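Trainee: So that you have it, the file is coords-v3.cif, and it contains mmCIF, C-alpha atoms:
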```cif
data_data
#
loop_
_atom_site.group_PDB
_atom_site.id
_atom_site.type_symbol
_atom_site.label_atom_id
_atom_site.label_comp_id
_atom_site.auth_asym_id
_atom_site.auth_seq_id
_atom_site.Cartn_x
_atom_site.Cartn_y
_atom_site.Cartn_z
ATOM 1 C CA MET E 230 -13.951 2.946 2.155
ATOM 2 C CA ASN E 231 -11.940 3.759 5.235
ATOM 3 C CA PRO E 232 -13.199 7.083 6.710
ATOM 4 C CA GLU E 233 -9.866 7.543 8.483
ATOM 5 C CA LEU E 234 -8.338 8.392 5.099
ATOM 6 C CA GLN E 235 -9.727 11.897 5.462
ATOM 7 C CA GLY E 236 -6.903 14.336 6.117
ATOM 8 C CA ARG E 237 -4.162 11.880 5.207
ATOM 9 C CA VAL E 238 -1.158 13.412 3.436
ATOM 10 C CA PHE E 239 0.924 11.159 1.218
ATOM 11 C CA PRO E 240 4.674 11.365 0.528
ATOM 12 C CA PRO E 241 5.671 13.599 -2.415
ATOM 13 C CA THR E 242 5.981 11.795 -5.750
ATOM 14 C CA PRO E 243 9.344 11.480 -7.512
ATOM 15 C CA PRO E 244 10.004 14.497 -9.773
ATOM 16 C CA TYR E 245 8.258 14.448 -13.167
ATOM 17 C CA LEU E 246 10.275 16.171 -15.888
ATOM 18 C CA VAL E 247 7.930 17.786 -18.420
ATOM 19 C CA GLY E 248 9.283 17.013 -21.879
ATOM 20 C CA ARG E 249 8.653 19.261 -24.884
ATOM 21 C CA GLU E 250 7.605 16.345 -27.069
ATOM 22 C CA LYS E 251 5.300 15.047 -24.307
ATOM 23 C CA VAL E 252 3.587 18.442 -24.207
ATOM 24 C CA ARG E 253 3.135 18.318 -27.983
ATOM 25 C CA GLU E 254 1.899 14.716 -27.861
ATOM 26 C CA PHE E 255 -0.629 15.533 -25.138
ATOM 27 C CA ALA E 256 -1.707 18.675 -26.996
ATOM 28 C CA ARG E 257 -2.408 16.652 -30.148
ATOM 29 C CA ALA E 258 -4.395 14.128 -28.106
ATOM 30 C CA VAL E 259 -6.736 16.827 -26.700
ATOM 31 C CA PHE E 260 -7.124 18.636 -30.051
ATOM 32 C CA ALA E 261 -5.062 21.591 -28.825
ATOM 33 C CA THR E 262 -3.861 23.441 -31.897
ATOM 34 C CA ASN E 263 -2.737 26.707 -30.336
ATOM 35 C CA PRO E 264 0.838 27.490 -31.474
ATOM 36 C CA ILE E 265 1.841 28.207 -27.858
ATOM 37 C CA ASN E 266 1.292 24.490 -27.125
ATOM 38 C CA HIS E 267 3.517 23.376 -29.996
ATOM 39 C CA ASP E 268 5.947 26.017 -31.180
ATOM 40 C CA VAL E 269 8.795 27.210 -28.966
ATOM 41 C CA ASP E 270 9.129 30.529 -30.797
ATOM 42 C CA ALA E 271 5.412 31.249 -30.440
ATOM 43 C CA ALA E 272 5.562 30.345 -26.739
ATOM 44 C CA ARG E 273 8.593 32.591 -26.157
ATOM 45 C CA ALA E 274 6.990 35.429 -28.100
ATOM 46 C CA ALA E 275 4.075 35.183 -25.656
ATOM 47 C CA GLY E 276 6.463 35.404 -22.700
ATOM 48 C CA HIS E 277 6.787 31.720 -21.764
ATOM 49 C CA ALA E 278 10.038 29.834 -21.178
ATOM 50 C CA ASP E 279 9.009 26.977 -23.493
ATOM 51 C CA VAL E 280 5.908 25.351 -24.959
ATOM 52 C CA VAL E 281 2.920 25.578 -22.579
ATOM 53 C CA ALA E 282 1.041 22.421 -21.654
ATOM 54 C CA PRO E 283 -2.743 22.299 -22.176
ATOM 55 C CA PRO E 284 -4.661 22.989 -18.933
ATOM 56 C CA THR E 285 -5.534 19.340 -18.330
ATOM 57 C CA PHE E 286 -1.943 18.111 -18.762
ATOM 58 C CA ALA E 287 -1.627 18.316 -14.972
ATOM 59 C CA VAL E 288 -3.565 15.037 -14.840
ATOM 60 C CA VAL E 289 -0.449 13.246 -16.092
ATOM 61 C CA VAL E 290 1.453 14.422 -13.018
ATOM 62 C CA GLN E 291 -1.540 13.897 -10.737
ATOM 63 C CA GLU E 292 -1.980 10.304 -11.903
ATOM 64 C CA SER E 293 0.849 8.938 -9.746
ATOM 65 C CA THR E 294 -0.787 10.405 -6.645
ATOM 66 C CA LEU E 295 -4.094 8.712 -7.425
ATOM 67 C CA ALA E 296 -2.147 5.482 -7.847
ATOM 68 C CA GLN E 297 -0.746 6.040 -4.335
ATOM 69 C CA LEU E 298 -4.279 6.419 -3.010
ATOM 70 C CA LEU E 299 -5.647 3.312 -4.716
ATOM 71 C CA ALA E 300 -2.632 1.279 -3.563
ATOM 72 C CA GLU E 301 -2.935 2.376 0.080
ATOM 73 C CA PRO E 302 -3.380 -0.923 1.923
ATOM 74 C CA ASP E 303 -6.005 0.310 4.389
ATOM 75 C CA ALA E 304 -7.948 2.504 1.922
ATOM 76 C CA GLY E 305 -10.431 -0.182 0.947
ATOM 77 C CA ILE E 306 -10.918 1.262 -2.542
ATOM 78 C CA ASP E 307 -11.789 -1.302 -5.221
ATOM 79 C CA PHE E 308 -10.528 0.479 -8.325
ATOM 80 C CA THR E 309 -12.820 -1.535 -10.619
ATOM 81 C CA ARG E 310 -15.724 0.287 -8.931
ATOM 82 C CA VAL E 311 -14.223 3.773 -9.164
ATOM 83 C CA VAL E 312 -15.975 6.370 -11.313
ATOM 84 C CA HIS E 313 -14.510 9.826 -11.917
ATOM 85 C CA GLY E 314 -17.043 12.302 -10.536
ATOM 86 C CA ASP E 315 -15.467 15.759 -10.674
ATOM 87 C CA GLN E 316 -12.173 17.249 -11.724
ATOM 88 C CA ARG E 317 -10.653 20.660 -11.149
ATOM 89 C CA PHE E 318 -7.343 22.355 -11.844
ATOM 90 C CA THR E 319 -6.391 25.599 -10.081
ATOM 91 C CA PHE E 320 -3.245 27.238 -11.412
ATOM 92 C CA SER E 321 -0.678 29.599 -9.933
ATOM 93 C CA ARG E 322 1.081 29.465 -13.292
ATOM 94 C CA PRO E 323 0.908 27.240 -16.390
ATOM 95 C CA ILE E 324 3.023 24.099 -16.788
ATOM 96 C CA VAL E 325 5.780 24.568 -19.379
ATOM 97 C CA ALA E 326 8.260 22.137 -20.912
ATOM 98 C CA GLY E 327 11.337 21.830 -18.717
ATOM 99 C CA ASP E 328 9.413 21.973 -15.445
ATOM 100 C CA GLU E 329 10.328 19.392 -12.863
ATOM 101 C CA LEU E 330 7.164 18.754 -10.899
ATOM 102 C CA VAL E 331 6.469 17.046 -7.602
ATOM 103 C CA ALA E 332 2.932 16.228 -6.470
ATOM 104 C CA THR E 333 1.737 15.841 -2.901
ATOM 105 C CA LEU E 334 -1.628 14.238 -2.295
ATOM 106 C CA THR E 335 -3.981 15.137 0.518
ATOM 107 C CA VAL E 336 -7.267 13.306 0.977
ATOM 108 C CA SER E 337 -9.479 16.274 1.722
ATOM 109 C CA SER E 338 -12.758 14.473 2.231
ATOM 110 C CA VAL E 339 -14.348 11.045 2.487
ATOM 111 C CA LYS E 340 -18.128 10.811 2.402
ATOM 112 C CA THR E 341 -20.643 8.010 2.246
ATOM 113 C CA LEU E 342 -23.871 8.452 0.308
ATOM 114 C CA GLY E 343 -26.007 5.362 0.678
ATOM 115 C CA ALA E 344 -24.092 2.453 -0.811
ATOM 116 C CA HIS E 345 -21.599 4.758 -2.519
ATOM 117 C CA SER E 346 -18.537 6.492 -1.155
ATOM 118 C CA MET E 347 -16.946 9.683 -2.406
ATOM 119 C CA VAL E 348 -13.347 10.619 -1.886
ATOM 120 C CA THR E 349 -11.879 13.996 -2.773
ATOM 121 C CA ALA E 350 -8.164 13.916 -3.504
ATOM 122 C CA GLU E 351 -6.161 17.144 -3.792
ATOM 123 C CA SER E 352 -2.768 16.903 -5.440
ATOM 124 C CA ALA E 353 -0.662 20.018 -4.957
ATOM 125 C CA ILE E 354 1.927 20.213 -7.724
ATOM 126 C CA ALA E 355 5.057 22.288 -7.183
ATOM 127 C CA ASP E 356 8.141 23.028 -9.282
ATOM 128 C CA ALA E 357 11.796 22.343 -8.492
ATOM 129 C CA THR E 358 12.032 25.524 -6.416
ATOM 130 C CA GLY E 359 9.058 24.407 -4.314
ATOM 131 C CA GLU E 360 6.743 27.058 -5.769
ATOM 132 C CA HIS E 361 3.127 26.025 -6.309
ATOM 133 C CA VAL E 362 2.165 25.475 -9.958
ATOM 134 C CA VAL E 363 -1.259 23.844 -9.926
ATOM 135 C CA THR E 364 -3.554 21.903 -7.656
ATOM 136 C CA ALA E 365 -5.463 19.034 -9.238
ATOM 137 C CA ILE E 366 -8.597 18.004 -7.379
ATOM 138 C CA SER E 367 -10.451 14.806 -8.188
ATOM 139 C CA THR E 368 -13.617 13.475 -6.680
ATOM 140 C CA LEU E 369 -13.858 9.744 -7.133
ATOM 141 C CA VAL E 370 -17.093 7.869 -6.585
ATOM 142 C CA VAL E 371 -16.720 4.300 -5.408
ATOM 143 C CA ARG E 372 -19.852 2.389 -6.269
ATOM 144 C CA GLY E 373 -21.062 0.101 -3.507
ATOM 145 C CA ASP E 374 -23.270 -2.966 -3.725
ATOM 146 C CA GLU E 375 -26.827 -1.939 -4.512
ATOM 147 C CA MET H 237 0.801 34.142 -34.788
ATOM 148 C CA PRO H 238 -1.012 34.044 -31.433
ATOM 149 C CA ALA H 239 -4.471 35.566 -31.505
ATOM 150 C CA ALA H 240 -5.076 38.947 -29.925
ATOM 151 C CA THR H 241 -6.431 38.939 -26.385
ATOM 152 C CA PRO H 242 -10.199 39.559 -26.290
ATOM 153 C CA ASP H 243 -11.251 42.962 -24.992
ATOM 154 C CA PHE H 244 -12.555 42.358 -21.467
ATOM 155 C CA ASP H 245 -14.581 45.574 -21.438
ATOM 156 C CA ALA H 246 -16.495 44.513 -24.535
ATOM 157 C CA LEU H 247 -17.748 41.276 -22.911
ATOM 158 C CA ALA H 248 -21.225 40.787 -21.498
ATOM 159 C CA VAL H 249 -22.659 37.915 -19.493
ATOM 160 C CA GLY H 250 -24.393 35.559 -21.895
ATOM 161 C CA ASP H 251 -22.097 36.242 -24.856
ATOM 162 C CA VAL H 252 -21.179 33.086 -26.733
ATOM 163 C CA VAL H 253 -17.427 33.424 -27.276
ATOM 164 C CA ALA H 254 -16.646 30.137 -29.001
ATOM 165 C CA GLU H 255 -18.325 27.114 -30.521
ATOM 166 C CA ARG H 256 -16.751 24.022 -31.979
ATOM 167 C CA THR H 257 -17.523 20.458 -32.994
ATOM 168 C CA PHE H 258 -15.114 17.582 -32.330
ATOM 169 C CA ALA H 259 -15.260 14.278 -34.188
ATOM 170 C CA LEU H 260 -13.963 11.553 -31.886
ATOM 171 C CA THR H 261 -12.982 8.152 -33.221
ATOM 172 C CA ARG H 262 -11.493 5.075 -31.599
ATOM 173 C CA ASP H 263 -8.161 6.388 -32.882
ATOM 174 C CA SER H 264 -8.661 9.491 -30.731
ATOM 175 C CA LEU H 265 -9.107 7.285 -27.665
ATOM 176 C CA VAL H 266 -5.975 5.245 -28.352
ATOM 177 C CA ARG H 267 -4.014 8.451 -28.926
ATOM 178 C CA TYR H 268 -5.290 9.920 -25.651
ATOM 179 C CA ALA H 269 -4.538 6.685 -23.789
ATOM 180 C CA GLY H 270 -0.930 6.848 -24.945
ATOM 181 C CA ALA H 271 -0.518 10.569 -24.298
ATOM 182 C CA SER H 272 -2.094 10.495 -20.840
ATOM 183 C CA GLY H 273 -1.010 7.065 -19.642
ATOM 184 C CA ASP H 274 -4.620 6.063 -18.909
ATOM 185 C CA PHE H 275 -4.786 2.554 -20.355
ATOM 186 C CA ASN H 276 -8.067 1.489 -18.784
ATOM 187 C CA PRO H 277 -9.343 -1.004 -21.415
ATOM 188 C CA ILE H 278 -12.939 0.277 -21.228
ATOM 189 C CA HIS H 279 -11.596 3.027 -23.503
ATOM 190 C CA TYR H 280 -10.526 0.707 -26.332
ATOM 191 C CA ARG H 281 -11.900 -2.823 -25.864
ATOM 192 C CA ASP H 282 -15.532 -3.607 -26.614
ATOM 193 C CA ASP H 283 -15.400 -6.948 -24.782
ATOM 194 C CA VAL H 284 -14.103 -5.363 -21.564
ATOM 195 C CA ALA H 285 -16.635 -2.509 -21.778
ATOM 196 C CA ALA H 286 -19.448 -5.042 -22.237
ATOM 197 C CA SER H 287 -18.199 -7.212 -19.375
ATOM 198 C CA VAL H 288 -18.608 -4.340 -16.903
ATOM 199 C CA GLY H 289 -22.073 -3.465 -18.197
ATOM 200 C CA LEU H 290 -21.222 -0.429 -20.307
ATOM 201 C CA PRO H 291 -23.159 0.374 -23.499
ATOM 202 C CA GLY H 292 -19.889 0.461 -25.455
ATOM 203 C CA VAL H 293 -16.336 1.764 -25.430
ATOM 204 C CA LEU H 294 -16.296 5.162 -23.706
ATOM 205 C CA ALA H 295 -14.198 8.246 -24.274
ATOM 206 C CA HIS H 296 -11.939 9.058 -21.321
ATOM 207 C CA GLY H 297 -13.683 11.707 -19.227
ATOM 208 C CA MET H 298 -10.380 13.553 -19.153
ATOM 209 C CA LEU H 299 -10.278 13.558 -22.959
ATOM 210 C CA THR H 300 -13.686 15.235 -23.042
ATOM 211 C CA MET H 301 -12.521 17.706 -20.394
ATOM 212 C CA GLY H 302 -9.274 18.309 -22.262
ATOM 213 C CA LEU H 303 -10.795 19.058 -25.633
ATOM 214 C CA ALA H 304 -13.754 21.049 -24.294
ATOM 215 C CA VAL H 305 -11.491 23.851 -23.053
ATOM 216 C CA GLN H 306 -9.675 24.249 -26.383
ATOM 217 C CA PRO H 307 -12.199 26.624 -28.000
ATOM 218 C CA VAL H 308 -11.754 28.864 -24.929
ATOM 219 C CA VAL H 309 -7.949 28.668 -25.181
ATOM 220 C CA ASP H 310 -8.104 29.704 -28.829
ATOM 221 C CA TRP H 311 -10.509 32.534 -28.068
ATOM 222 C CA ALA H 312 -8.330 33.759 -25.165
ATOM 223 C CA GLY H 313 -5.228 33.452 -27.367
ATOM 224 C CA ASP H 314 -2.947 31.714 -24.851
ATOM 225 C CA PRO H 315 -3.420 28.505 -22.794
ATOM 226 C CA ALA H 316 -1.757 30.304 -19.862
ATOM 227 C CA ARG H 317 -4.811 32.566 -19.534
ATOM 228 C CA VAL H 318 -6.772 29.609 -18.124
ATOM 229 C CA VAL H 319 -6.249 29.850 -14.363
ATOM 230 C CA ASP H 320 -8.989 27.514 -13.165
ATOM 231 C CA TYR H 321 -10.982 24.786 -14.869
ATOM 232 C CA GLN H 322 -13.522 22.421 -13.386
ATOM 233 C CA VAL H 323 -16.062 19.922 -14.638
ATOM 234 C CA ARG H 324 -18.434 17.275 -13.364
ATOM 235 C CA PHE H 325 -18.715 14.108 -15.423
ATOM 236 C CA THR H 326 -22.437 13.493 -15.799
ATOM 237 C CA ARG H 327 -22.922 11.246 -18.824
ATOM 238 C CA PRO H 328 -20.638 8.851 -20.694
ATOM 239 C CA VAL H 329 -19.642 9.378 -24.334
ATOM 240 C CA VAL H 330 -19.952 6.100 -26.248
ATOM 241 C CA VAL H 331 -17.589 6.017 -29.229
ATOM 242 C CA ASP H 332 -18.849 3.792 -32.020
ATOM 243 C CA PRO H 333 -16.093 1.751 -33.730
ATOM 244 C CA GLU H 334 -17.202 2.921 -37.172
ATOM 245 C CA SER H 335 -18.985 6.246 -36.818
ATOM 246 C CA GLY H 336 -17.192 7.539 -33.694
ATOM 247 C CA ALA H 337 -18.866 10.242 -31.636
ATOM 248 C CA GLU H 338 -19.508 13.908 -32.276
ATOM 249 C CA LEU H 339 -19.129 16.346 -29.394
ATOM 250 C CA THR H 340 -20.235 19.942 -29.601
ATOM 251 C CA VAL H 341 -18.870 22.640 -27.317
ATOM 252 C CA SER H 342 -20.428 26.019 -26.722
ATOM 253 C CA ALA H 343 -18.616 28.532 -24.505
ATOM 254 C CA LYS H 344 -20.562 31.361 -22.947
ATOM 255 C CA VAL H 345 -19.642 34.167 -20.550
ATOM 256 C CA GLY H 346 -21.077 33.200 -17.143
ATOM 257 C CA GLN H 347 -19.639 35.899 -14.920
ATOM 258 C CA LEU H 348 -17.298 38.870 -15.192
ATOM 259 C CA ASP H 349 -14.813 39.932 -12.521
ATOM 260 C CA ALA H 350 -13.839 43.470 -13.508
ATOM 261 C CA GLU H 351 -11.353 43.895 -10.667
ATOM 262 C CA ALA H 352 -9.281 40.899 -11.790
ATOM 263 C CA GLY H 353 -10.036 41.305 -15.501
ATOM 264 C CA ALA H 354 -11.223 37.710 -15.425
ATOM 265 C CA ALA H 355 -14.182 35.984 -17.014
ATOM 266 C CA ARG H 356 -15.901 32.788 -15.999
ATOM 267 C CA ILE H 357 -16.699 30.930 -19.168
ATOM 268 C CA ASP H 358 -19.386 28.252 -18.901
ATOM 269 C CA LEU H 359 -19.131 25.304 -21.258
ATOM 270 C CA THR H 360 -22.002 23.309 -22.659
ATOM 271 C CA VAL H 361 -20.656 20.034 -23.999
ATOM 272 C CA SER H 362 -23.173 17.851 -25.812
ATOM 273 C CA PHE H 363 -23.266 14.388 -27.303
ATOM 274 C CA GLU H 364 -26.347 13.037 -29.068
ATOM 275 C CA GLY H 365 -28.355 16.037 -27.896
ATOM 276 C CA ALA H 366 -27.613 15.727 -24.165
ATOM 277 C CA THR H 367 -24.953 17.387 -22.038
ATOM 278 C CA VAL H 368 -22.082 15.208 -20.816
ATOM 279 C CA LEU H 369 -20.398 17.667 -18.432
ATOM 280 C CA GLY H 370 -21.982 19.566 -15.559
ATOM 281 C CA LYS H 371 -20.711 22.764 -13.943
ATOM 282 C CA ALA H 372 -18.039 23.027 -16.628
ATOM 283 C CA GLN H 373 -16.425 26.367 -15.807
ATOM 284 C CA VAL H 374 -13.232 27.985 -16.990
ATOM 285 C CA ARG H 375 -11.737 31.053 -15.353
ATOM 286 C CA VAL H 376 -9.801 33.077 -17.880
ATOM 287 C CA VAL H 377 -7.682 36.121 -17.056
ATOM 288 C CA LEU H 378 -7.771 38.614 -19.904
ATOM 289 C CA ARG H 379 -5.352 41.263 -18.671
#
```
Would you put the structure from the file into C-alpha cells?

Mentor:
Amino acid sequence: MNPELQGRVFPPTPPYLVGREKVREFARAVFATNPINHDVDAARAAGHADVVAPPTFAVVVQESTLAQLLAEPDAGIDFTRVVHGDQRFTFSRPIVAGDELVATLTVSSVKTLGAHSMVTAESAIADATGEHVVTAISTLVVRGDE
Amino acid sequence: MPAATPDFDALAVGDVVAERTFALTRDSLVRYAGASGDFNPIHYRDDVAASVGLPGVLAHGMLTMGLAVQPVVDWAGDPARVVDYQVRFTRPVVVDPESGAELTVSAKVGQLDAEAGAARIDLTVSFEGATVLGKAQVRVVLR
C-alpha cells in the first residue's frame, strides 16, 4: 500500500438522502425492533424529527467513501485482500429519515505490520447545513503475501 | 411505547444490563446485503467462500456489529442514546445453510461517567462458545 495515502482528504460524496423506508429496511436487517426505528409517532414522541436510524446505519453513507479509497489509482489496495479490522461510529446526533448527508474521507493512518498493511479511514458525515452528524472510522487490513 | 430510561444512579460497574440470542440464517445475510448494499459474495455463495479459503459463508461483520448493539438500544430505550460504538472483528461467523448460526450477546456496564450521565457498556458477542468481537464498547448517555 502507498504510504503517501496518509493524510489524504478526498472530495465530499454526493448527498445521500436518508429515506424512511430505507431506515426501516436497515432496522429489520439488523434485528432492530425499537419503535423509534420504525414508527414516526414513536420517534416524534421521543423528540426526533422522524424515524431514527440504527447506530450502524452510518455505514451505508460511509460505504461510498471506502469505494473512493479502493478506487484511488495510486493507493495500491487489492480489495480481494481487504479484511475489516475495526469499526467505530462517533455521533454528534443520530441519523434520522429526511437527513441529507455528505461524507468526507480522510486517511488518518497507514501502517505496515510485516507482510500486512493497515489503513485507517475516517469518514466525517455532515448534514445539509454542514453540521457534523457522525464520524465513521474503519481500519482495513490488507493481507500481504506470506 | 418507548421504554423508560434506565436510572443512571442505580447502575454499578459489572451489572449485566441486557442479554439476547440471535438466530442468523442465510436469509438474514441476504436481507442485510440488500439493506446495506454490501453484496460481497462471500456472504451468500458457498463456492466463492470456498474459493478464497474460507470455512463457509460468513455473516457480514457489520451485521454482527449492527445486531449486537440492539439489546443495549432496547435497554436504553432510544437508539439516539448511543453516542459512540466501536468493535474489533476478531473471529468470523460461519452461517450454515441449514442450521444457520446462533449469536449470543451479553451487555455489561464497563465504566460510569457520572458527570456526563453516560455509561460505557461492554459487549460480549459469542458464537460456538468463542467471542467474535473484541473491544466492543457502546457509550450510552442516560440523561

Trainee: Just give me the gap between atom CA of Asp349 of chain H and atom CA of Tyr321 of chain H in Å, one decimal is fine.

Mentor: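 According to the coordinates, atom CA of Asp349 of chain H and atom CA of Tyr321 of chain H are separated by 15.8 Å.
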
Trainee: Restrict the calculation to only C-alpha atoms, then for each residue of chain H with any atom at most 6 Å from an atom of chain E give the closest atom pair and their distance in Å to one decimal, rows by chain and rising residue number, as CSV.

Mentor:
```
residue,atom,partner,partner_atom,distance
H:Arg267,CA,E:Ala258,CA,5.7
H:Tyr268,CA,E:Ala258,CA,5.0
H:Ala271,CA,E:Phe255,CA,5.0
H:Ser272,CA,E:Val289,CA,5.7
H:Gly302,CA,E:Val259,CA,5.3
H:Leu303,CA,E:Val259,CA,4.8
H:Gln306,CA,E:Ala261,CA,5.9
H:Ala316,CA,E:Pro323,CA,5.3
H:Val319,CA,E:Phe320,CA,5.0
H:Asp320,CA,E:Thr319,CA,4.5
H:Tyr321,CA,E:Phe318,CA,5.3
H:Gln322,CA,E:Arg317,CA,4.0
H:Val323,CA,E:Gln316,CA,5.5
H:Arg324,CA,E:Asp315,CA,4.3
H:Phe325,CA,E:Gly314,CA,5.5
```

Trainee: Restrict the selected residues to C-alpha atoms and save them as a compact mmCIF listing (two decimals), in the frame of the given file.

Mentor:
```
# COMPACT_ATOMS: atom_id res chain seq x y z
CA ARG H 267 -4.01 8.45 -28.93
CA TYR H 268 -5.29 9.92 -25.65
CA ALA H 271 -0.52 10.57 -24.30
CA SER H 272 -2.09 10.50 -20.84
CA GLY H 302 -9.27 18.31 -22.26
CA LEU H 303 -10.80 19.06 -25.63
CA GLN H 306 -9.68 24.25 -26.38
CA ALA H 316 -1.76 30.30 -19.86
CA VAL H 319 -6.25 29.85 -14.36
CA ASP H 320 -8.99 27.51 -13.16
CA TYR H 321 -10.98 24.79 -14.87
CA GLN H 322 -13.52 22.42 -13.39
CA VAL H 323 -16.06 19.92 -14.64
CA ARG H 324 -18.43 17.27 -13.36
CA PHE H 325 -18.72 14.11 -15.42
```

Trainee: Pick from E:Leu334, E:Val280, E:Val311, E:Ile306: nearest to Thr242 of chain E, with all atoms listed in the file counted?

Mentor: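 Between E:Leu334, E:Val280, E:Val311, E:Ile306, the residue approaching Thr242 of chain E most closely is E:Leu334.
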
Trainee: If you measure from atom CA of Tyr245 of chain E to atom CA of Met301 of chain H, what distance in Å do you get, rounded to one decimal?

Mentor: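 Interatomic distance, atom CA of Tyr245 of chain E to atom CA of Met301 of chain H: 22.2 Å.
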
Trainee: For each of H:Ile278, H:Val374, H:Leu290, H:Ala269, take the minimum atom-to-atom distance to Lys344 of chain H, counting only C-alpha atoms, then give the residue where this is smallest.

Mentor: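 Among the listed residues, H:Val374 lies closest to Lys344 of chain H.
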
Trainee: If you count all atoms listed in the file, which residues fall within 8 Å of Pro242 of chain H, apart from same-chain ones fewer than 4 positions away, as a list in words?

Mentor: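 Contacts, with the query itself left out: Trp311, Ala312, Gly313 and Leu378 of chain H.
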
Trainee: Which residues would end up in the selection if the PyMOL selection byres ((chain E and resi 348-350) around 9) were applied here, given that I need the answer as an MDAnalysis selection string?

Mentor: chainID E and resid 230 234:235 294:295 298 315 334:341 346:347 351:352 365:371

Trainee: Starting from the PyMOL selection byres ((chain E and resi 304) around 10), expand the selection into actual residues of this file and give them as a ChimeraX atom specification.

Mentor: /E:230-234,298-303,305-307

Trainee: With the PyMOL selection byres ((chain H and resi 360-369) around 10) as the selection, what would be picked from this file? Answer as JSON, numbers by chain, please.

Mentor: {"E": [315], "H": [255, 256, 257, 297, 300, 301, 304, 305, 322, 323, 324, 325, 326, 327, 328, 329, 330, 337, 338, 339, 340, 341, 342, 343, 344, 357, 358, 359, 370, 371, 372, 373]}

Trainee: Keeping only C-alpha atoms, write those residues as a PDB file, in the frame of the given file.

Mentor:
```
ATOM      1  CA  ASP E 315     -15.467  15.759 -10.674  1.00  0.00           C
TER       2      ASP E 315
ATOM      3  CA  GLU H 255     -18.325  27.114 -30.521  1.00  0.00           C
ATOM      4  CA  ARG H 256     -16.751  24.022 -31.979  1.00  0.00           C
ATOM      5  CA  THR H 257     -17.523  20.458 -32.994  1.00  0.00           C
ATOM      6  CA  GLY H 297     -13.683  11.707 -19.227  1.00  0.00           C
ATOM      7  CA  THR H 300     -13.686  15.235 -23.042  1.00  0.00           C
ATOM      8  CA  MET H 301     -12.521  17.706 -20.394  1.00  0.00           C
ATOM      9  CA  ALA H 304     -13.754  21.049 -24.294  1.00  0.00           C
ATOM     10  CA  VAL H 305     -11.491  23.851 -23.053  1.00  0.00           C
ATOM     11  CA  GLN H 322     -13.522  22.421 -13.386  1.00  0.00           C
ATOM     12  CA  VAL H 323     -16.062  19.922 -14.638  1.00  0.00           C
ATOM     13  CA  ARG H 324     -18.434  17.275 -13.364  1.00  0.00           C
ATOM     14  CA  PHE H 325     -18.715  14.108 -15.423  1.00  0.00           C
ATOM     15  CA  THR H 326     -22.437  13.493 -15.799  1.00  0.00           C
ATOM     16  CA  ARG H 327     -22.922  11.246 -18.824  1.00  0.00           C
ATOM     17  CA  PRO H 328     -20.638   8.851 -20.694  1.00  0.00           C
ATOM     18  CA  VAL H 329     -19.642   9.378 -24.334  1.00  0.00           C
ATOM     19  CA  VAL H 330     -19.952   6.100 -26.248  1.00  0.00           C
ATOM     20  CA  ALA H 337     -18.866  10.242 -31.636  1.00  0.00           C
ATOM     21  CA  GLU H 338     -19.508  13.908 -32.276  1.00  0.00           C
ATOM     22  CA  LEU H 339     -19.129  16.346 -29.394  1.00  0.00           C
ATOM     23  CA  THR H 340     -20.235  19.942 -29.601  1.00  0.00           C
ATOM     24  CA  VAL H 341     -18.870  22.640 -27.317  1.00  0.00           C
ATOM     25  CA  SER H 342     -20.428  26.019 -26.722  1.00  0.00           C
ATOM     26  CA  ALA H 343     -18.616  28.532 -24.505  1.00  0.00           C
ATOM     27  CA  LYS H 344     -20.562  31.361 -22.947  1.00  0.00           C
ATOM     28  CA  ILE H 357     -16.699  30.930 -19.168  1.00  0.00           C
ATOM     29  CA  ASP H 358     -19.386  28.252 -18.901  1.00  0.00           C
ATOM     30  CA  LEU H 359     -19.131  25.304 -21.258  1.00  0.00           C
ATOM     31  CA  GLY H 370     -21.982  19.566 -15.559  1.00  0.00           C
ATOM     32  CA  LYS H 371     -20.711  22.764 -13.943  1.00  0.00           C
ATOM     33  CA  ALA H 372     -18.039  23.027 -16.628  1.00  0.00           C
ATOM     34  CA  GLN H 373     -16.425  26.367 -15.807  1.00  0.00           C
TER      35      GLN H 373
END
```
